Amino acid sequence: MVVGNIIQQLAQSIGVGEPALRLILSIFLGYPLACIYRQFIFSTSKLINHLFIIITGLSILYFNYGFDLYHVVLAIFVEYILVHVLRGSVLTTVSFAFHLGYLLIGYYFTSSDTYDIKWTMPHCVLVLRLIGLSFNVADGQRPAEKLSTENKKTCLVKPPGLLEIYSFALFPASLLIGPQFPFRRYDSFINKEFAQYTGNMRAGLIRGGIGLAYLIVHQVGAIFASDDYILSEEYANSAYINKLFMLGLWGRVSLYKYISCWLLAEGVASCFGLTFVGVKDGKEDWSGCANINLYLFENCSRFQDYISSFNINTNHWVAEYVFKRLKFLNNRHISHGATLLFLAVWHGFHSGYYMCFLMEFIVMNFEKDIETVFKRNEPFMKFCSTPPISWICFVLLKIYTIVGMGWSLTPFVLFDVEKWWHVFCTVRMFGFILFVPWPLYAIVLKTLLPPTKSSKTTSDKPKTS
């Protein structure tokens, strides 16, 4: 009760919601927990390791959501039963239906018109982890020659035990907001396969420090570009160029909120010692759970760069367990659309999620087509690569990606259709006008920039890879 009152007063004094403050405190708490674990627990038996991880994970859940933690405990126990009773496609189908269905029922009874930091937040992370575990167990039951290279790395010939599944699911560094990782990585960590490498704490603190810097930038940026400002009369009445600039800035600031949390959580995972990849050029690589490629993100010149650099582990999970599993449809566009629909449903019922992922589908196909037109015209590409035209192109592409991302992210951040539609109207539907009519003005562009003879020849050569 005393702790609760202190946190409530602190949240009021700094102007944030109490659930958000508890969340960020829980992420930071992971650093001293990692130190305690490495100093006193790591060298003990696997049983002690599992118990420490389970107890600390449950404590974090209780601190944030009270006795609502039973949803997580129940889901993990059901998954234990499923992987030990069912096999093959029956296992994956039942696991997928149960965990996603349970999450959606949770959304139905708890969601509001604002961002909800309730038990459904860690549960949506848990859903992917447990569904992925079912696929890994099912893959372990298939002949090795029928598995892809990635499946061979993650498949499980023997289902994990009860304590193993609970500690895997309740790992403190990834419990609340991710990152996602397969059970095989976790098992290697518990079996101390990375124990001889000692750079984990340094790597984790560096990543955490960068995350803290991004958190500060987000907090400062939100003063000038907040959700309230984007919805205000002041914004609506400003000059059109200013609207587009501020929309891009607001979108960037909004993304920094997610990036900061991912970096902090990744730092905790590294401090625990989970994220080891290997040794490259004599240096230890602890990027195994990196959820953001900062260099690529900050140097984006197209939307594909955002997709490749942002929420990496979730995107990889969806690619492996949804997109590639839909190969039987024999149509990449349908598989892509179904994958984005899954992501929207996984996030919840808010209309903004569905519009955001619909825009992603539209924009990605727009970019793929328009890049093809440009690249097949060698004179145009040569012209664009010559200074100072190349500098102008760089600036224009940065404006395009930043403002375009602000537009695409608007529904995701504002959730409610009245809010995001209001912003769309305020900027005069600029994103719809730019991206949706592409099939119409593609005809004009293809006429102005026809494929050159050499590019045709190159494109017709058979691939040797």
# chains A, B, ... in the order shown; residues from 1 in each chain; ligands from 1
call {"tool": "closest_atom_pairs", "arguments": {"of": "stretch 270-350 of chain A", "to": "stretch 114-132 of chain A", "cutoff": "10 Å", "atoms": "only C-alpha atoms", "output": "Markdown table"}}
result
| residue | atom | partner | partner_atom | distance |
| --- | --- | --- | --- | --- |
| A:Thr314 | CA | A:Leu128 | CA | 8.4 |
| A:Trp317 | CA | A:Gly132 | CA | 7.7 |
| A:Val318 | CA | A:Leu128 | CA | 8.7 |
| A:Glu320 | CA | A:Gly132 | CA | 9.1 |
| A:Tyr321 | CA | A:Gly132 | CA | 6.9 |
| A:Trp346 | CA | A:Cys124 | CA | 7.0 |
| A:His347 | CA | A:Cys124 | CA | 7.5 |
| A:Gly348 | CA | A:Cys124 | CA | 9.3 |
| A:His350 | CA | A:Thr114 | CA | 9.5 |
call {"tool": "residues_around", "arguments": {"residues": "A:Tyr80", "least_positions_apart": "4", "cutoff": "12 Å", "atoms": "only C-alpha atoms", "output": "PDB file with N, CA and C atoms, in the first residue's frame"}}
result
ATOM      1  N   VAL A  73      -0.334 -17.173 -15.946  1.00  0.00           N
ATOM      2  CA  VAL A  73      -0.056 -18.471 -15.334  1.00  0.00           C
ATOM      3  C   VAL A  73      -0.895 -19.564 -15.979  1.00  0.00           C
ATOM      4  N   LEU A  74      -2.175 -19.269 -16.225  1.00  0.00           N
ATOM      5  CA  LEU A  74      -3.074 -20.245 -16.840  1.00  0.00           C
ATOM      6  C   LEU A  74      -2.654 -20.569 -18.269  1.00  0.00           C
ATOM      7  N   ALA A  75      -2.334 -19.539 -19.053  1.00  0.00           N
ATOM      8  CA  ALA A  75      -1.956 -19.751 -20.457  1.00  0.00           C
ATOM      9  C   ALA A  75      -0.709 -20.612 -20.569  1.00  0.00           C
ATOM     10  N   ILE A  76       0.259 -20.395 -19.700  1.00  0.00           N
ATOM     11  CA  ILE A  76       1.490 -21.192 -19.739  1.00  0.00           C
ATOM     12  C   ILE A  76       1.197 -22.650 -19.390  1.00  0.00           C
ATOM     13  N   HIS A  84       2.527 -31.556 -24.673  1.00  0.00           N
ATOM     14  CA  HIS A  84       2.779 -32.927 -24.221  1.00  0.00           C
ATOM     15  C   HIS A  84       1.670 -33.894 -24.620  1.00  0.00           C
ATOM     16  N   VAL A  85       0.570 -33.381 -25.136  1.00  0.00           N
ATOM     17  CA  VAL A  85      -0.556 -34.238 -25.493  1.00  0.00           C
ATOM     18  C   VAL A  85      -0.783 -34.302 -26.996  1.00  0.00           C
ATOM     19  N   LEU A  86      -0.666 -33.154 -27.669  1.00  0.00           N
ATOM     20  CA  LEU A  86      -1.002 -33.076 -29.090  1.00  0.00           C
ATOM     21  C   LEU A  86       0.247 -33.163 -29.969  1.00  0.00           C
ATOM     22  N   LEU A  91      -1.570 -29.749 -32.918  1.00  0.00           N
ATOM     23  CA  LEU A  91      -0.949 -28.966 -31.855  1.00  0.00           C
ATOM     24  C   LEU A  91      -0.885 -27.493 -32.224  1.00  0.00           C
ATOM     25  N   SER A  95      -3.161 -24.624 -30.373  1.00  0.00           N
ATOM     26  CA  SER A  95      -2.387 -23.617 -29.638  1.00  0.00           C
ATOM     27  C   SER A  95      -2.651 -22.222 -30.186  1.00  0.00           C
ATOM     28  N   LEU A 130       4.328 -18.525 -26.867  1.00  0.00           N
ATOM     29  CA  LEU A 130       3.773 -19.866 -26.679  1.00  0.00           C
ATOM     30  C   LEU A 130       3.347 -20.502 -27.999  1.00  0.00           C
ATOM     31  N   ILE A 131       2.781 -19.717 -28.906  1.00  0.00           N
ATOM     32  CA  ILE A 131       2.456 -20.261 -30.234  1.00  0.00           C
ATOM     33  C   ILE A 131       3.735 -20.711 -30.937  1.00  0.00           C
ATOM     34  N   LEU A 133       6.434 -21.736 -29.534  1.00  0.00           N
ATOM     35  CA  LEU A 133       6.879 -22.975 -28.886  1.00  0.00           C
ATOM     36  C   LEU A 133       6.143 -24.181 -29.462  1.00  0.00           C
ATOM     37  N   SER A 134       4.838 -24.041 -29.692  1.00  0.00           N
ATOM     38  CA  SER A 134       4.070 -25.144 -30.289  1.00  0.00           C
ATOM     39  C   SER A 134       4.591 -25.490 -31.679  1.00  0.00           C
ATOM     40  N   VAL A 137       7.890 -27.400 -31.326  1.00  0.00           N
ATOM     41  CA  VAL A 137       7.674 -28.795 -30.930  1.00  0.00           C
ATOM     42  C   VAL A 137       7.126 -29.600 -32.109  1.00  0.00           C
ATOM     43  N   PRO A 159       9.532 -32.108 -26.008  1.00  0.00           N
ATOM     44  CA  PRO A 159       8.869 -30.940 -25.413  1.00  0.00           C
ATOM     45  C   PRO A 159       9.513 -30.571 -24.079  1.00  0.00           C
ATOM     46  N   PRO A 160       9.625 -29.277 -23.773  1.00  0.00           N
ATOM     47  CA  PRO A 160      10.208 -28.855 -22.494  1.00  0.00           C
ATOM     48  C   PRO A 160       9.318 -29.263 -21.318  1.00  0.00           C
ATOM     49  N   GLY A 161       9.914 -29.322 -20.128  1.00  0.00           N
ATOM     50  CA  GLY A 161       9.172 -29.632 -18.925  1.00  0.00           C
ATOM     51  C   GLY A 161       8.431 -28.420 -18.391  1.00  0.00           C
ATOM     52  N   LEU A 162       7.675 -28.626 -17.319  1.00  0.00           N
ATOM     53  CA  LEU A 162       6.830 -27.567 -16.769  1.00  0.00           C
ATOM     54  C   LEU A 162       7.647 -26.366 -16.297  1.00  0.00           C
ATOM     55  N   LEU A 163       8.682 -26.609 -15.502  1.00  0.00           N
ATOM     56  CA  LEU A 163       9.513 -25.504 -15.006  1.00  0.00           C
ATOM     57  C   LEU A 163      10.207 -24.784 -16.154  1.00  0.00           C
ATOM     58  N   GLU A 164      10.652 -25.534 -17.136  1.00  0.00           N
ATOM     59  CA  GLU A 164      11.336 -24.932 -18.281  1.00  0.00           C
ATOM     60  C   GLU A 164      10.406 -23.990 -19.042  1.00  0.00           C
ATOM     61  N   ILE A 165       9.169 -24.408 -19.264  1.00  0.00           N
ATOM     62  CA  ILE A 165       8.227 -23.562 -20.002  1.00  0.00           C
ATOM     63  C   ILE A 165       7.869 -22.322 -19.195  1.00  0.00           C
ATOM     64  N   TYR A 166       7.670 -22.484 -17.896  1.00  0.00           N
ATOM     65  CA  TYR A 166       7.331 -21.326 -17.065  1.00  0.00           C
ATOM     66  C   TYR A 166       8.479 -20.318 -17.017  1.00  0.00           C
ATOM     67  N   PHE A 168      10.914 -19.965 -19.222  1.00  0.00           N
ATOM     68  CA  PHE A 168      11.035 -19.424 -20.582  1.00  0.00           C
ATOM     69  C   PHE A 168      10.021 -18.304 -20.806  1.00  0.00           C
ATOM     70  N   ALA A 169       8.781 -18.524 -20.367  1.00  0.00           N
ATOM     71  CA  ALA A 169       7.714 -17.544 -20.601  1.00  0.00           C
ATOM     72  C   ALA A 169       7.791 -16.357 -19.657  1.00  0.00           C
TER      73      ALA A 169
END
call {"tool": "residues_around", "arguments": {"residues": "A:Ser335", "least_positions_apart": "3", "cutoff": "12 Å", "atoms": "only C-alpha atoms", "output": "VMD selection string"}}
result
chain A and resid 318 to 319 321 to 332 338 to 342 361
call {"tool": "write_last_selection", "arguments": {"atoms": "N, CA and C atoms", "output": "compact mmCIF listing (two decimals), in the first residue's frame"}}
result
# COMPACT_ATOMS: atom_id res chain seq x y z
N VAL A 318 6.77 -13.30 -37.07
CA VAL A 318 5.63 -13.33 -38.00
C VAL A 318 6.04 -13.94 -39.35
N ALA A 319 7.25 -13.62 -39.80
CA ALA A 319 7.73 -14.17 -41.06
C ALA A 319 7.85 -15.69 -40.99
N TYR A 321 6.45 -17.88 -38.60
CA TYR A 321 5.33 -18.67 -38.13
C TYR A 321 3.99 -18.32 -38.78
N VAL A 322 3.96 -17.25 -39.58
CA VAL A 322 2.73 -16.89 -40.28
C VAL A 322 2.99 -16.84 -41.79
N PHE A 323 3.82 -15.90 -42.23
CA PHE A 323 4.02 -15.69 -43.67
C PHE A 323 4.51 -16.96 -44.38
N LYS A 324 5.58 -17.56 -43.88
CA LYS A 324 6.14 -18.74 -44.55
C LYS A 324 5.23 -19.95 -44.43
N ARG A 325 4.42 -19.99 -43.39
CA ARG A 325 3.50 -21.12 -43.22
C ARG A 325 2.29 -21.00 -44.17
N LEU A 326 2.16 -19.84 -44.81
CA LEU A 326 1.08 -19.63 -45.78
C LEU A 326 1.56 -19.86 -47.21
N LYS A 327 2.71 -20.49 -47.34
CA LYS A 327 3.28 -20.73 -48.66
C LYS A 327 2.34 -21.53 -49.55
N PHE A 328 1.50 -22.38 -48.93
CA PHE A 328 0.57 -23.22 -49.70
C PHE A 328 -0.44 -22.39 -50.49
N LEU A 329 -0.62 -21.12 -50.13
CA LEU A 329 -1.55 -20.26 -50.87
C LEU A 329 -1.01 -19.90 -52.25
N ASN A 330 0.32 -20.03 -52.40
CA ASN A 330 0.97 -19.81 -53.69
C ASN A 330 0.75 -18.40 -54.24
N ASN A 331 0.64 -17.43 -53.33
CA ASN A 331 0.46 -16.03 -53.74
C ASN A 331 1.06 -15.13 -52.67
N ARG A 332 2.15 -14.45 -52.99
CA ARG A 332 2.84 -13.63 -51.99
C ARG A 332 1.97 -12.47 -51.50
N ALA A 338 -2.52 -11.46 -45.44
CA ALA A 338 -2.97 -12.26 -44.30
C ALA A 338 -2.05 -12.07 -43.10
N THR A 339 -0.76 -11.93 -43.35
CA THR A 339 0.20 -11.70 -42.27
C THR A 339 -0.06 -10.37 -41.58
N LEU A 340 -0.29 -9.32 -42.37
CA LEU A 340 -0.58 -8.01 -41.79
C LEU A 340 -1.92 -8.01 -41.05
N LEU A 341 -2.89 -8.77 -41.57
CA LEU A 341 -4.17 -8.90 -40.88
C LEU A 341 -3.97 -9.57 -39.52
N PHE A 342 -3.13 -10.60 -39.48
CA PHE A 342 -2.83 -11.24 -38.20
C PHE A 342 -2.23 -10.23 -37.22
N PHE A 361 0.56 -2.29 -46.23
CA PHE A 361 0.40 -3.14 -47.41
C PHE A 361 0.42 -2.29 -48.68
call {"tool": "select_by_dssp", "arguments": {"residues": "stretch 316-354 of chain A", "states": "alpha helix (DSSP H)", "output": "NGL selection string"}}
result
:A and (316-318 or 332-347 or 351-354)
call {"tool": "residues_around", "arguments": {"residues": "A:Ala222", "least_positions_apart": "6", "cutoff": "9 Å", "atoms": "only C-alpha atoms", "output": "JSON, numbers by chain"}}
result
{"A": [250, 253, 254]}
call {"tool": "write_last_selection", "arguments": {"atoms": "N, CA, C and O atoms", "output": "CSV table (one decimal), in the first residue's frame"}}
result
chain,number,residue,atom,x,y,z
A,250,TRP,N,6.1,14.4,-35.0
A,250,TRP,CA,5.2,13.7,-34.0
A,250,TRP,C,5.4,12.2,-34.2
A,250,TRP,O,5.5,11.5,-33.2
A,253,VAL,N,8.8,11.1,-32.9
A,253,VAL,CA,8.8,11.1,-31.4
A,253,VAL,C,8.0,9.9,-30.9
A,253,VAL,O,8.4,9.3,-29.9
A,254,SER,N,6.9,9.6,-31.5
A,254,SER,CA,6.1,8.4,-31.1
A,254,SER,C,6.9,7.1,-31.2
A,254,SER,O,6.8,6.3,-30.4
call {"tool": "residues_around", "arguments": {"residues": "A:Ala173", "least_positions_apart": "2", "cutoff": "6 Å", "atoms": "only C-alpha atoms", "output": "mmCIF file with N, CA and C atoms, in the first residue's frame"}}
result
data_model
loop_
_atom_site.group_PDB
_atom_site.id
_atom_site.type_symbol
_atom_site.label_atom_id
_atom_site.label_comp_id
_atom_site.auth_asym_id
_atom_site.auth_seq_id
_atom_site.Cartn_x
_atom_site.Cartn_y
_atom_site.Cartn_z
ATOM 1 N N PHE A 171 10.599 -15.030 -18.274
ATOM 2 C CA PHE A 171 11.932 -14.415 -18.220
ATOM 3 C C PHE A 171 11.798 -12.903 -18.034
ATOM 4 N N LEU A 175 9.495 -10.230 -20.442
ATOM 5 C CA LEU A 175 8.147 -10.562 -19.996
ATOM 6 C C LEU A 175 7.106 -9.531 -20.400
ATOM 7 N N ALA A 265 14.949 -3.040 -22.662
ATOM 8 C CA ALA A 265 14.664 -4.458 -22.434
ATOM 9 C C ALA A 265 15.768 -5.338 -23.010
ATOM 10 N N VAL A 268 18.671 -5.394 -20.662
ATOM 11 C CA VAL A 268 18.467 -6.315 -19.540
ATOM 12 C C VAL A 268 18.754 -7.754 -19.978
ATOM 13 N N ALA A 269 18.240 -8.142 -21.149
ATOM 14 C CA ALA A 269 18.469 -9.498 -21.653
ATOM 15 C C ALA A 269 19.953 -9.778 -21.833
#
call {"tool": "closest_residue", "arguments": {"among": "A:Phe366, A:Phe63, A:Tyr256, A:Tyr31", "to": "A:Arg202", "atoms": "only C-alpha atoms"}}
result
A:Tyr31
call {"tool": "atom_distance", "arguments": {"atom1": "atom CA of A:Gly221", "atom2": "atom CA of A:Ile307"}}
result
22.8 Å
call {"tool": "closest_residue", "arguments": {"among": "A:Glu378, A:Leu448, A:Leu249, A:Val3", "to": "A:Asp227", "atoms": "only C-alpha atoms"}}
result
A:Leu249
call {"tool": "residues_around", "arguments": {"residues": "A:Phe272", "least_positions_apart": "2", "cutoff": "12 Å", "atoms": "only C-alpha atoms", "output": "VMD selection string"}}
result
chain A and resid 30 to 42 49 53 171 to 174 186 189 to 190 192 194 to 195 198 to 205 265 to 270 274 to 276 286 289
call {"tool": "closest_residue", "arguments": {"among": "A:Asp68, A:Asp139, A:Asp113, A:Asp305", "to": "A:Ser89", "atoms": "only C-alpha atoms"}}
result
A:Asp139
call {"tool": "closest_atom_pairs", "arguments": {"of": "stretch 330-391 of chain A", "to": "stretch 413-418 of chain A", "cutoff": "10 Å", "atoms": "only C-alpha atoms", "output": "Markdown table"}}
result
| residue | atom | partner | partner_atom | distance |
| --- | --- | --- | --- | --- |
| A:Gly348 | CA | A:Phe415 | CA | 9.9 |
| A:Phe349 | CA | A:Phe415 | CA | 9.1 |
| A:His350 | CA | A:Phe415 | CA | 5.4 |
| A:Ser351 | CA | A:Val417 | CA | 6.1 |
| A:Gly352 | CA | A:Phe415 | CA | 4.4 |
| A:Tyr353 | CA | A:Phe415 | CA | 6.8 |
| A:Tyr354 | CA | A:Phe415 | CA | 9.5 |
| A:Met355 | CA | A:Val417 | CA | 9.3 |
| A:Cys356 | CA | A:Val413 | CA | 9.2 |
call {"tool": "write_last_selection", "arguments": {"atoms": "N, CA and C atoms", "output": "short mmCIF file (atom, residue, chain, number, x, y, z; two decimals), in the first residue's frame"}}
result
data_model
loop_
_atom_site.label_atom_id
_atom_site.label_comp_id
_atom_site.auth_asym_id
_atom_site.auth_seq_id
_atom_site.Cartn_x
_atom_site.Cartn_y
_atom_site.Cartn_z
N GLY A 348 -5.24 -5.91 -31.39
CA GLY A 348 -6.51 -5.63 -30.74
C GLY A 348 -7.59 -5.23 -31.73
N PHE A 349 -8.66 -4.64 -31.18
CA PHE A 349 -9.84 -4.32 -31.98
C PHE A 349 -9.89 -2.87 -32.46
N HIS A 350 -8.99 -2.03 -32.01
CA HIS A 350 -9.03 -0.62 -32.41
C HIS A 350 -8.89 -0.49 -33.92
N SER A 351 -9.72 0.35 -34.50
CA SER A 351 -9.71 0.53 -35.96
C SER A 351 -8.36 1.02 -36.48
N GLY A 352 -7.65 1.77 -35.65
CA GLY A 352 -6.38 2.32 -36.06
C GLY A 352 -5.36 1.27 -36.44
N TYR A 353 -5.38 0.12 -35.76
CA TYR A 353 -4.44 -0.94 -36.09
C TYR A 353 -4.67 -1.44 -37.51
N TYR A 354 -5.92 -1.61 -37.88
CA TYR A 354 -6.26 -2.16 -39.19
C TYR A 354 -5.92 -1.17 -40.30
N MET A 355 -6.17 0.12 -40.05
CA MET A 355 -5.81 1.12 -41.04
C MET A 355 -4.30 1.22 -41.18
N CYS A 356 -3.58 1.14 -40.08
CA CYS A 356 -2.11 1.23 -40.12
C CYS A 356 -1.52 0.11 -40.95
#
call {"tool": "residues_around", "arguments": {"residues": "A:Ala20", "least_positions_apart": "4", "cutoff": "9 Å", "atoms": "only C-alpha atoms", "output": "count of residues only"}}
result
5
call {"tool": "select_by_dssp", "arguments": {"residues": "stretch 146-360 of chain A", "states": "strand (DSSP E)", "output": "list of chain:residue names"}}
result
A:Gly278, A:Val279, A:Lys280, A:Lys283, A:Glu284, A:Asp285
call {"tool": "write_last_selection", "arguments": {"atoms": "N, CA, C and O atoms", "output": "CSV table (one decimal), in the first residue's frame"}}
result
chain,number,residue,atom,x,y,z
A,278,GLY,N,27.9,-14.8,-31.2
A,278,GLY,CA,29.1,-15.5,-31.6
A,278,GLY,C,30.3,-14.5,-31.4
A,278,GLY,O,30.1,-13.4,-30.9
A,279,VAL,N,31.4,-14.8,-32.0
A,279,VAL,CA,32.6,-13.9,-31.9
A,279,VAL,C,32.9,-13.6,-33.4
A,279,VAL,O,33.1,-14.4,-34.2
A,280,LYS,N,33.0,-12.3,-33.6
A,280,LYS,CA,33.2,-11.8,-35.0
A,280,LYS,C,34.4,-10.8,-34.9
A,280,LYS,O,34.4,-9.9,-34.1
A,283,LYS,N,35.7,-10.0,-31.5
A,283,LYS,CA,34.8,-9.3,-30.6
A,283,LYS,C,33.5,-10.1,-30.4
A,283,LYS,O,33.0,-10.7,-31.3
A,284,GLU,N,33.1,-10.1,-29.2
A,284,GLU,CA,31.9,-10.9,-28.8
A,284,GLU,C,30.6,-10.1,-29.3
A,284,GLU,O,30.6,-8.9,-29.2
A,285,ASP,N,29.7,-10.8,-29.9
A,285,ASP,CA,28.5,-10.2,-30.5
A,285,ASP,C,27.3,-10.6,-29.6
A,285,ASP,O,27.0,-11.8,-29.5
call {"tool": "closest_residue", "arguments": {"among": "A:Ala138, A:Val345, A:Met246, A:Leu231", "to": "A:Gly88", "atoms": "only C-alpha atoms"}}
result
A:Ala138
call {"tool": "atom_distance", "arguments": {"atom1": "atom CA of A:Gln8", "atom2": "atom CA of A:Gln219"}}
result
19.2 Å
call {"tool": "closest_residue", "arguments": {"among": "A:Phe28, A:Phe183, A:Tyr258, A:Phe77", "to": "A:Lys153", "atoms": "only C-alpha atoms"}}
result
A:Phe183
call {"tool": "closest_residue", "arguments": {"among": "A:Gly208, A:Gly431, A:Gly282, A:Pro439", "to": "A:Ile370", "atoms": "only C-alpha atoms"}}
result
A:Pro439
call {"tool": "decode", "arguments": {"residues": "stretch 366-382 of chain A", "atoms": "N, CA and C atoms", "output": "short mmCIF file (atom, residue, chain, number, x, y, z; two decimals), in the first residue's frame"}}
result
data_model
loop_
_atom_site.label_atom_id
_atom_site.label_comp_id
_atom_site.auth_asym_id
_atom_site.auth_seq_id
_atom_site.Cartn_x
_atom_site.Cartn_y
_atom_site.Cartn_z
N PHE A 366 3.46 -0.11 -53.34
CA PHE A 366 3.78 1.12 -54.08
C PHE A 366 5.29 1.25 -54.26
N GLU A 367 6.03 1.09 -53.17
CA GLU A 367 7.48 1.24 -53.23
C GLU A 367 8.12 0.19 -54.14
N LYS A 368 7.66 -1.04 -54.01
CA LYS A 368 8.25 -2.11 -54.81
C LYS A 368 8.07 -1.85 -56.30
N ASP A 369 6.86 -1.40 -56.66
CA ASP A 369 6.58 -1.14 -58.08
C ASP A 369 7.36 0.07 -58.60
N ILE A 370 7.38 1.14 -57.82
CA ILE A 370 8.02 2.37 -58.31
C ILE A 370 9.54 2.21 -58.35
N GLU A 371 10.11 1.46 -57.43
CA GLU A 371 11.54 1.20 -57.47
C GLU A 371 11.91 0.39 -58.72
N THR A 372 11.05 -0.53 -59.09
CA THR A 372 11.30 -1.33 -60.30
C THR A 372 11.33 -0.43 -61.53
N VAL A 373 10.39 0.52 -61.61
CA VAL A 373 10.34 1.45 -62.74
C VAL A 373 11.62 2.27 -62.80
N PHE A 374 12.06 2.79 -61.66
CA PHE A 374 13.27 3.62 -61.63
C PHE A 374 14.52 2.82 -61.99
N LYS A 375 14.68 1.65 -61.39
CA LYS A 375 15.91 0.89 -61.55
C LYS A 375 16.08 0.33 -62.97
N ARG A 376 14.98 0.14 -63.68
CA ARG A 376 15.07 -0.39 -65.04
C ARG A 376 15.41 0.68 -66.07
N ASN A 377 15.43 1.94 -65.64
CA ASN A 377 15.80 3.02 -66.55
C ASN A 377 17.18 3.53 -66.14
N GLU A 378 18.20 3.04 -66.84
CA GLU A 378 19.57 3.35 -66.46
C GLU A 378 19.91 4.84 -66.55
N PRO A 379 19.49 5.56 -67.58
CA PRO A 379 19.80 7.00 -67.63
C PRO A 379 19.24 7.75 -66.43
N PHE A 380 18.04 7.39 -66.01
CA PHE A 380 17.43 8.06 -64.85
C PHE A 380 18.23 7.76 -63.58
N MET A 381 18.62 6.50 -63.38
CA MET A 381 19.39 6.14 -62.19
C MET A 381 20.76 6.81 -62.19
N LYS A 382 21.37 6.92 -63.37
CA LYS A 382 22.66 7.58 -63.46
C LYS A 382 22.53 9.06 -63.15
#
